[in-house]
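*Asks:* I am attaching a structure below and will ask some questions about it afterwards.
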Amino acid sequence: MSSTPKNKSEPPGVVLLKVLMQYEGIKKVERFLEITSETDKGPKNHEWMSSITPYLSIVSHSSSPPHPNIVFRLNVQPIHSNGLGNLHGGCASTIFDACTTLPLHLISKPGFWQYTGVSRTLNVTYLRPIPVGTTVDIKCEVLQAGRTLCALRGEMRAVTEDGREGPLLAVCEHNKASTDPPAGKL
């Protein structure tokens with residue numbers, strides 16, 4: 001599979017979003033995970049999400065109103081941990097930041113959340129420690145998306161050995177501001 005084109009004049013995130021424009025809905029999210037997992041493998045390509053996206057998979061999704069959503073699955077790795085062997089709080093915030101943003105691709109169109117915006121607020125509440133080796137599901141949904149602002153929510157739950165939903169571990173409220181140019185200028 002090809003990776004994102006190298007363009008020295010634009011930040012890598014902008015180049016990636018331009019590559020993703022040819023896809024829609026969940027295909028755009030799947031391609032995002034593929035590309036970021038590919039391009040993040042080498043030390044020269046290392047970026048903030050490189051220790052997370054290779055471990056993310058999509059469990060389910062719905063593009064239907066009123067709350068389009070995606071459920072991701074992640075197995076917590078040692079690289080994600082703090083000194084106590086639990087998921088690091090900053091890593092959990094990064095996971096929520098990325099995962100709660102991705103459902104915007106289910107509703108995006110030219111001039112409407114196509115660039116997925118920038119974070120205004122990201123509030124994470126940690127309810128229980130999440131030890132290395134724990135498998136978690138991250139349910140992320142779009143609560144509201146207007147022309148310039150959106151509200152997103154995420155829940156991180158343990159997955160039991162038999163694959164059932166376990167206890168709630170962390171929750172997130174994420175608000176974003178759109179950075180899309182007007183549709184005619186894309």
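Labels for the structure tokens follow display order: chains A, B, ..., residues from 1 in each chain, ligands from 1.
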I want to know what sits within 10 Å of Gln144 in chain A, based on only C-alpha atoms, with residues of the same chain fewer than 5 positions away left out; could you give that as a PyMOL selection string?
*Replies:* chain A and resi 65-68+149-153+175
*Asks:* Next, the residues of the selection above should be written as a compact mmCIF listing (two decimals), in the first residue's frame with C-alpha atoms.
*Replies:*
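Listed below is the output, part-v6.txt:
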```
# COMPACT_ATOMS: atom_id res chain seq x y z
CA PRO A 65 -28.48 10.28 13.17
CA PRO A 66 -28.89 11.49 15.78
CA HIS A 67 -25.43 10.38 16.98
CA PRO A 68 -23.09 8.87 14.37
CA LEU A 149 -18.35 23.92 16.34
CA CYS A 150 -19.03 20.33 17.35
CA ALA A 151 -19.44 18.32 20.54
CA LEU A 152 -18.10 14.76 20.77
CA ARG A 153 -18.15 12.13 23.50
CA ASN A 175 -15.30 20.07 21.66
```
*Asks:* Among range 83-180 of chain A, which residues carry a DSSP assignment of helix (DSSP H, G or I), reported as a PyMOL selection string?
*Replies:* chain A and resi 89-106
*Asks:* Include N, CA, C and O atoms and write out the residues we just selected as a tab-separated table (two decimals), in the first residue's frame.
*Replies:*
```tsv
chain	number	residue	atom	x	y	z
A	89	GLY	N	-2.23	8.51	31.67
A	89	GLY	CA	-3.32	9.46	31.49
A	89	GLY	C	-3.17	10.29	30.23
A	89	GLY	O	-4.15	10.56	29.53
A	90	GLY	N	-1.94	10.69	29.91
A	90	GLY	CA	-1.72	11.46	28.69
A	90	GLY	C	-1.97	10.63	27.45
A	90	GLY	O	-2.48	11.12	26.44
A	91	CYS	N	-1.63	9.35	27.52
A	91	CYS	CA	-1.90	8.45	26.40
A	91	CYS	C	-3.40	8.25	26.24
A	91	CYS	O	-3.92	8.27	25.13
A	92	ALA	N	-4.11	8.08	27.36
A	92	ALA	CA	-5.57	7.95	27.29
A	92	ALA	C	-6.19	9.19	26.66
A	92	ALA	O	-7.10	9.09	25.82
A	93	SER	N	-5.69	10.37	27.01
A	93	SER	CA	-6.19	11.62	26.41
A	93	SER	C	-5.92	11.65	24.91
A	93	SER	O	-6.78	12.07	24.14
A	94	THR	N	-4.74	11.22	24.51
A	94	THR	CA	-4.41	11.18	23.08
A	94	THR	C	-5.32	10.22	22.34
A	94	THR	O	-5.79	10.52	21.24
A	95	ILE	N	-5.56	9.06	22.93
A	95	ILE	CA	-6.46	8.08	22.32
A	95	ILE	C	-7.85	8.70	22.15
A	95	ILE	O	-8.46	8.62	21.07
A	96	PHE	N	-8.36	9.34	23.20
A	96	PHE	CA	-9.68	9.98	23.11
A	96	PHE	C	-9.67	11.11	22.08
A	96	PHE	O	-10.63	11.26	21.32
A	97	ASP	N	-8.62	11.90	22.04
A	97	ASP	CA	-8.53	13.01	21.09
A	97	ASP	C	-8.69	12.49	19.66
A	97	ASP	O	-9.52	12.98	18.89
A	98	ALA	N	-7.92	11.47	19.32
A	98	ALA	CA	-7.97	10.91	17.96
A	98	ALA	C	-9.26	10.16	17.69
A	98	ALA	O	-9.92	10.38	16.67
A	99	CYS	N	-9.63	9.28	18.60
A	99	CYS	CA	-10.79	8.42	18.36
A	99	CYS	C	-12.11	9.19	18.33
A	99	CYS	O	-12.99	8.87	17.53
A	100	THR	N	-12.27	10.19	19.19
A	100	THR	CA	-13.52	10.94	19.16
A	100	THR	C	-13.60	11.84	17.93
A	100	THR	O	-14.70	12.18	17.48
A	101	THR	N	-12.46	12.18	17.34
A	101	THR	CA	-12.45	12.99	16.12
A	101	THR	C	-12.87	12.17	14.90
A	101	THR	O	-13.56	12.68	14.02
A	102	LEU	N	-12.49	10.91	14.84
A	102	LEU	CA	-12.71	10.11	13.63
A	102	LEU	C	-14.18	9.95	13.22
A	102	LEU	O	-14.46	9.90	12.01
A	103	PRO	N	-15.15	9.90	14.13
A	103	PRO	CA	-16.54	9.83	13.65
A	103	PRO	C	-16.99	11.04	12.83
A	103	PRO	O	-17.98	10.95	12.11
A	104	LEU	N	-16.25	12.14	12.92
A	104	LEU	CA	-16.59	13.28	12.06
A	104	LEU	C	-16.48	12.91	10.58
A	104	LEU	O	-17.17	13.49	9.74
A	105	HIS	N	-15.64	11.94	10.25
A	105	HIS	CA	-15.52	11.50	8.86
A	105	HIS	C	-16.82	10.85	8.36
A	105	HIS	O	-17.07	10.79	7.16
A	106	LEU	N	-17.65	10.37	9.27
A	106	LEU	CA	-18.92	9.76	8.87
A	106	LEU	C	-19.91	10.79	8.35
A	106	LEU	O	-20.84	10.44	7.62
```
*Asks:* Using CA of Lys18 in chain A and CA of Thr36 in chain A as the two end points, give the distance in Å to one decimal.
*Replies:* 13.7 Å
*Asks:* Excluding range 119-131 of chain A and its own-chain neighbours fewer than 5 positions away, which residues fall within 7 Å of it when counting only C-alpha atoms? Please give them as a PDB file with all heavy atoms, in the first residue's frame.
*Replies:*
```
ATOM      1  N   GLY A  85       2.496   0.597  35.449  1.00  0.00           N
ATOM      2  CA  GLY A  85       1.996  -0.480  34.600  1.00  0.00           C
ATOM      3  C   GLY A  85       0.557  -0.316  34.159  1.00  0.00           C
ATOM      4  O   GLY A  85      -0.076  -1.277  33.726  1.00  0.00           O
ATOM      5  N   ASN A  86       0.051   0.910  34.241  1.00  0.00           N
ATOM      6  CA  ASN A  86      -1.310   1.222  33.790  1.00  0.00           C
ATOM      7  C   ASN A  86      -1.247   2.179  32.602  1.00  0.00           C
ATOM      8  O   ASN A  86      -0.237   2.851  32.394  1.00  0.00           O
ATOM      9  CB  ASN A  86      -2.110   1.882  34.910  1.00  0.00           C
ATOM     10  CG  ASN A  86      -2.329   0.959  36.079  1.00  0.00           C
ATOM     11  OD1 ASN A  86      -2.760  -0.175  35.910  1.00  0.00           O
ATOM     12  ND2 ASN A  86      -2.007   1.430  37.275  1.00  0.00           N
ATOM     13  N   LEU A  87      -2.346   2.253  31.851  1.00  0.00           N
ATOM     14  CA  LEU A  87      -2.437   3.210  30.754  1.00  0.00           C
ATOM     15  C   LEU A  87      -2.146   4.610  31.287  1.00  0.00           C
ATOM     16  O   LEU A  87      -2.773   5.060  32.248  1.00  0.00           O
ATOM     17  CB  LEU A  87      -3.843   3.160  30.135  1.00  0.00           C
ATOM     18  CG  LEU A  87      -4.125   4.125  28.992  1.00  0.00           C
ATOM     19  CD1 LEU A  87      -3.242   3.825  27.784  1.00  0.00           C
ATOM     20  CD2 LEU A  87      -5.597   4.047  28.603  1.00  0.00           C
ATOM     21  N   SER A  93      -5.686  10.368  27.010  1.00  0.00           N
ATOM     22  CA  SER A  93      -6.190  11.616  26.414  1.00  0.00           C
ATOM     23  C   SER A  93      -5.924  11.650  24.914  1.00  0.00           C
ATOM     24  O   SER A  93      -6.782  12.075  24.138  1.00  0.00           O
ATOM     25  CB  SER A  93      -5.541  12.822  27.085  1.00  0.00           C
ATOM     26  OG  SER A  93      -5.954  12.930  28.418  1.00  0.00           O
ATOM     27  N   LEU A 169     -14.196   2.668  32.290  1.00  0.00           N
ATOM     28  CA  LEU A 169     -12.864   2.991  32.801  1.00  0.00           C
ATOM     29  C   LEU A 169     -12.533   4.480  32.727  1.00  0.00           C
ATOM     30  O   LEU A 169     -11.854   5.010  33.593  1.00  0.00           O
ATOM     31  CB  LEU A 169     -11.809   2.191  32.032  1.00  0.00           C
ATOM     32  CG  LEU A 169     -12.016   0.674  32.020  1.00  0.00           C
ATOM     33  CD1 LEU A 169     -11.058   0.026  31.033  1.00  0.00           C
ATOM     34  CD2 LEU A 169     -11.840   0.105  33.413  1.00  0.00           C
ATOM     35  N   ALA A 170     -12.982   5.129  31.663  1.00  0.00           N
ATOM     36  CA  ALA A 170     -12.705   6.558  31.468  1.00  0.00           C
ATOM     37  C   ALA A 170     -13.750   7.135  30.523  1.00  0.00           C
ATOM     38  O   ALA A 170     -14.294   6.409  29.679  1.00  0.00           O
ATOM     39  CB  ALA A 170     -11.303   6.771  30.903  1.00  0.00           C
ATOM     40  N   VAL A 171     -14.029   8.421  30.680  1.00  0.00           N
ATOM     41  CA  VAL A 171     -14.972   9.110  29.801  1.00  0.00           C
ATOM     42  C   VAL A 171     -14.350  10.410  29.310  1.00  0.00           C
ATOM     43  O   VAL A 171     -13.436  10.951  29.937  1.00  0.00           O
ATOM     44  CB  VAL A 171     -16.325   9.395  30.503  1.00  0.00           C
ATOM     45  CG1 VAL A 171     -17.054   8.107  30.810  1.00  0.00           C
ATOM     46  CG2 VAL A 171     -16.133  10.218  31.756  1.00  0.00           C
ATOM     47  N   CYS A 172     -14.881  10.903  28.198  1.00  0.00           N
ATOM     48  CA  CYS A 172     -14.303  12.096  27.575  1.00  0.00           C
ATOM     49  C   CYS A 172     -15.395  12.962  26.971  1.00  0.00           C
ATOM     50  O   CYS A 172     -16.328  12.448  26.358  1.00  0.00           O
ATOM     51  CB  CYS A 172     -13.335  11.640  26.485  1.00  0.00           C
ATOM     52  SG  CYS A 172     -12.819  12.921  25.349  1.00  0.00           S
ATOM     53  N   GLU A 173     -15.235  14.271  27.135  1.00  0.00           N
ATOM     54  CA  GLU A 173     -16.016  15.267  26.402  1.00  0.00           C
ATOM     55  C   GLU A 173     -15.031  16.043  25.560  1.00  0.00           C
ATOM     56  O   GLU A 173     -14.000  16.506  26.059  1.00  0.00           O
ATOM     57  CB  GLU A 173     -16.730  16.214  27.361  1.00  0.00           C
ATOM     58  CG  GLU A 173     -17.799  15.569  28.185  1.00  0.00           C
ATOM     59  CD  GLU A 173     -18.425  16.552  29.171  1.00  0.00           C
ATOM     60  OE1 GLU A 173     -17.959  17.707  29.260  1.00  0.00           O
ATOM     61  OE2 GLU A 173     -19.366  16.156  29.845  1.00  0.00           O
ATOM     62  N   HIS A 174     -15.317  16.168  24.277  1.00  0.00           N
ATOM     63  CA  HIS A 174     -14.377  16.782  23.332  1.00  0.00           C
ATOM     64  C   HIS A 174     -15.134  17.784  22.473  1.00  0.00           C
ATOM     65  O   HIS A 174     -16.111  17.434  21.819  1.00  0.00           O
ATOM     66  CB  HIS A 174     -13.777  15.672  22.460  1.00  0.00           C
ATOM     67  CG  HIS A 174     -12.639  16.100  21.601  1.00  0.00           C
ATOM     68  ND1 HIS A 174     -12.056  15.236  20.703  1.00  0.00           N
ATOM     69  CD2 HIS A 174     -11.953  17.259  21.497  1.00  0.00           C
ATOM     70  CE1 HIS A 174     -11.065  15.854  20.079  1.00  0.00           C
ATOM     71  NE2 HIS A 174     -10.992  17.090  20.543  1.00  0.00           N
ATOM     72  N   ASN A 175     -14.709  19.032  22.487  1.00  0.00           N
ATOM     73  CA  ASN A 175     -15.302  20.070  21.662  1.00  0.00           C
ATOM     74  C   ASN A 175     -14.271  20.557  20.657  1.00  0.00           C
ATOM     75  O   ASN A 175     -13.109  20.762  21.004  1.00  0.00           O
ATOM     76  CB  ASN A 175     -15.795  21.227  22.533  1.00  0.00           C
ATOM     77  CG  ASN A 175     -16.920  20.786  23.435  1.00  0.00           C
ATOM     78  OD1 ASN A 175     -18.000  20.467  22.953  1.00  0.00           O
ATOM     79  ND2 ASN A 175     -16.676  20.744  24.730  1.00  0.00           N
ATOM     80  N   LYS A 176     -14.718  20.756  19.422  1.00  0.00           N
ATOM     81  CA  LYS A 176     -13.808  21.138  18.350  1.00  0.00           C
ATOM     82  C   LYS A 176     -14.338  22.344  17.583  1.00  0.00           C
ATOM     83  O   LYS A 176     -15.541  22.602  17.575  1.00  0.00           O
ATOM     84  CB  LYS A 176     -13.625  19.962  17.372  1.00  0.00           C
ATOM     85  CG  LYS A 176     -13.020  18.731  18.037  1.00  0.00           C
ATOM     86  CD  LYS A 176     -12.535  17.734  17.040  1.00  0.00           C
ATOM     87  CE  LYS A 176     -11.162  18.168  16.607  1.00  0.00           C
ATOM     88  NZ  LYS A 176     -10.399  17.146  15.943  1.00  0.00           N
ATOM     89  N   ALA A 177     -13.420  23.036  16.932  1.00  0.00           N
ATOM     90  CA  ALA A 177     -13.745  24.145  16.042  1.00  0.00           C
ATOM     91  C   ALA A 177     -13.330  23.737  14.628  1.00  0.00           C
ATOM     92  O   ALA A 177     -12.244  23.173  14.437  1.00  0.00           O
ATOM     93  CB  ALA A 177     -13.020  25.413  16.462  1.00  0.00           C
TER      94      ALA A 177
END
```
*Asks:* Determine, counting only C-alpha atoms, which protein, DNA and RNA residues have an atom within 10 Å of an atom of Thr134 in chain A; residues of the same chain fewer than 5 positions away are not included. Present the result as a PyMOL selection string.
*Replies:* chain A and resi 74-77+86-87+157-161
*Asks:* Please produce an output containing N, CA, C and O atoms for each residue in the selection, written as a PDB file, in the first residue's frame.
*Replies:*
```pdb
ATOM      1  N   LEU A  74      -8.729  -1.518  21.380  1.00  0.00           N
ATOM      2  CA  LEU A  74      -7.292  -1.338  21.593  1.00  0.00           C
ATOM      3  C   LEU A  74      -6.860  -2.260  22.722  1.00  0.00           C
ATOM      4  O   LEU A  74      -7.553  -2.376  23.730  1.00  0.00           O
ATOM      5  N   ASN A  75      -5.710  -2.914  22.539  1.00  0.00           N
ATOM      6  CA  ASN A  75      -5.103  -3.666  23.628  1.00  0.00           C
ATOM      7  C   ASN A  75      -3.965  -2.810  24.162  1.00  0.00           C
ATOM      8  O   ASN A  75      -3.060  -2.437  23.412  1.00  0.00           O
ATOM      9  N   VAL A  76      -4.019  -2.463  25.443  1.00  0.00           N
ATOM     10  CA  VAL A  76      -3.036  -1.568  26.053  1.00  0.00           C
ATOM     11  C   VAL A  76      -1.664  -2.251  26.066  1.00  0.00           C
ATOM     12  O   VAL A  76      -1.507  -3.341  26.616  1.00  0.00           O
ATOM     13  N   GLN A  77      -0.694  -1.581  25.460  1.00  0.00           N
ATOM     14  CA  GLN A  77       0.669  -2.094  25.323  1.00  0.00           C
ATOM     15  C   GLN A  77       1.591  -1.436  26.356  1.00  0.00           C
ATOM     16  O   GLN A  77       1.291  -0.362  26.872  1.00  0.00           O
ATOM     17  N   ASN A  86       0.051   0.910  34.241  1.00  0.00           N
ATOM     18  CA  ASN A  86      -1.310   1.222  33.790  1.00  0.00           C
ATOM     19  C   ASN A  86      -1.247   2.179  32.602  1.00  0.00           C
ATOM     20  O   ASN A  86      -0.237   2.851  32.394  1.00  0.00           O
ATOM     21  N   LEU A  87      -2.346   2.253  31.851  1.00  0.00           N
ATOM     22  CA  LEU A  87      -2.437   3.210  30.754  1.00  0.00           C
ATOM     23  C   LEU A  87      -2.146   4.610  31.287  1.00  0.00           C
ATOM     24  O   LEU A  87      -2.773   5.060  32.248  1.00  0.00           O
ATOM     25  N   ARG A 157     -14.248   1.368  27.838  1.00  0.00           N
ATOM     26  CA  ARG A 157     -14.715   0.265  28.681  1.00  0.00           C
ATOM     27  C   ARG A 157     -13.815  -0.949  28.488  1.00  0.00           C
ATOM     28  O   ARG A 157     -13.342  -1.208  27.389  1.00  0.00           O
ATOM     29  N   ALA A 158     -13.637  -1.694  29.565  1.00  0.00           N
ATOM     30  CA  ALA A 158     -12.914  -2.959  29.474  1.00  0.00           C
ATOM     31  C   ALA A 158     -13.745  -3.943  28.654  1.00  0.00           C
ATOM     32  O   ALA A 158     -14.975  -3.846  28.613  1.00  0.00           O
ATOM     33  N   VAL A 159     -13.049  -4.863  27.997  1.00  0.00           N
ATOM     34  CA  VAL A 159     -13.695  -5.967  27.301  1.00  0.00           C
ATOM     35  C   VAL A 159     -13.343  -7.222  28.092  1.00  0.00           C
ATOM     36  O   VAL A 159     -12.165  -7.486  28.352  1.00  0.00           O
ATOM     37  N   THR A 160     -14.363  -7.981  28.492  1.00  0.00           N
ATOM     38  CA  THR A 160     -14.118  -9.184  29.293  1.00  0.00           C
ATOM     39  C   THR A 160     -13.500 -10.281  28.421  1.00  0.00           C
ATOM     40  O   THR A 160     -13.517 -10.187  27.187  1.00  0.00           O
ATOM     41  N   GLU A 161     -12.975 -11.314  29.048  1.00  0.00           N
ATOM     42  CA  GLU A 161     -12.338 -12.412  28.315  1.00  0.00           C
ATOM     43  C   GLU A 161     -13.286 -13.077  27.333  1.00  0.00           C
ATOM     44  O   GLU A 161     -12.854 -13.576  26.296  1.00  0.00           O
TER      45      GLU A 161
END
```
*Asks:* Pick from A:Ile52, A:Leu84, A:His61, A:Trp113: nearest to Leu33 in chain A, with only C-alpha atoms counted?
*Replies:* A:Ile52
*Asks:* Enumerate as a PyMOL selection string all residues of range 103-175 of chain A assigned to strand (DSSP E) by DSSP on the backbone, naming them with the chain letters and numbers the document uses.
*Replies:* chain A and resi 118-126+135-145+149-159+165-175
*Asks:* Using only C-alpha atoms, which of the listed residues (A:Gly166, A:Pro78, A:Pro181, A:Gly133) sits closest to Tyr115 in chain A?
*Replies:*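 Nearest candidate to Tyr115 in chain A out of A:Gly166, A:Pro78, A:Pro181, A:Gly133: A:Pro181.
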*Asks:* Counting only C-alpha atoms, figure out which residue out of A:Pro12, A:Pro182, A:Gly25, A:Gly163 gets nearest to Asn69 in chain A.
*Replies:*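 Among A:Pro12, A:Pro182, A:Gly25, A:Gly163, it is A:Gly25 that comes nearest to Asn69 in chain A.
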*Asks:* To one decimal in Å, tell me the separation between CA of Val142 in chain A and CA of Ile70 in chain A.
*Replies:*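 Value for the CA of Val142 in chain A-CA of Ile70 in chain A distance: 9.3 Å.
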*Asks:* May I have the residues within 10 Å of Ser60 in chain A as a ChimeraX atom specification, using only C-alpha atoms and disregarding those fewer than 3 positions away in the same chain?
*Replies:* /A:26,57,69-73,139
*Asks:* Would you save the residues from that selection as an mmCIF file, in the first residue's frame, using C-alpha atoms?
*Replies:*
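Output file again_31.cif is given in full below:
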```cif
data_model
loop_
_atom_site.group_PDB
_atom_site.id
_atom_site.type_symbol
_atom_site.label_atom_id
_atom_site.label_comp_id
_atom_site.auth_asym_id
_atom_site.auth_seq_id
_atom_site.Cartn_x
_atom_site.Cartn_y
_atom_site.Cartn_z
ATOM 1 C CA ILE A 26 -16.126 4.577 7.368
ATOM 2 C CA SER A 57 -9.215 -1.529 15.123
ATOM 3 C CA ASN A 69 -20.543 6.702 16.189
ATOM 4 C CA ILE A 70 -17.597 4.339 15.915
ATOM 5 C CA VAL A 71 -16.454 1.748 18.434
ATOM 6 C CA PHE A 72 -12.704 1.098 18.379
ATOM 7 C CA ARG A 73 -10.783 -1.671 20.133
ATOM 8 C CA LYS A 139 -17.114 4.219 21.900
#
```
*Asks:* Measuring atom to atom with only C-alpha atoms, identify which of A:Thr116, A:Ser64, A:Glu141, A:Glu30 is nearest to Val14 in chain A.
*Replies:*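 Among A:Thr116, A:Ser64, A:Glu141, A:Glu30, it is A:Thr116 that comes nearest to Val14 in chain A.
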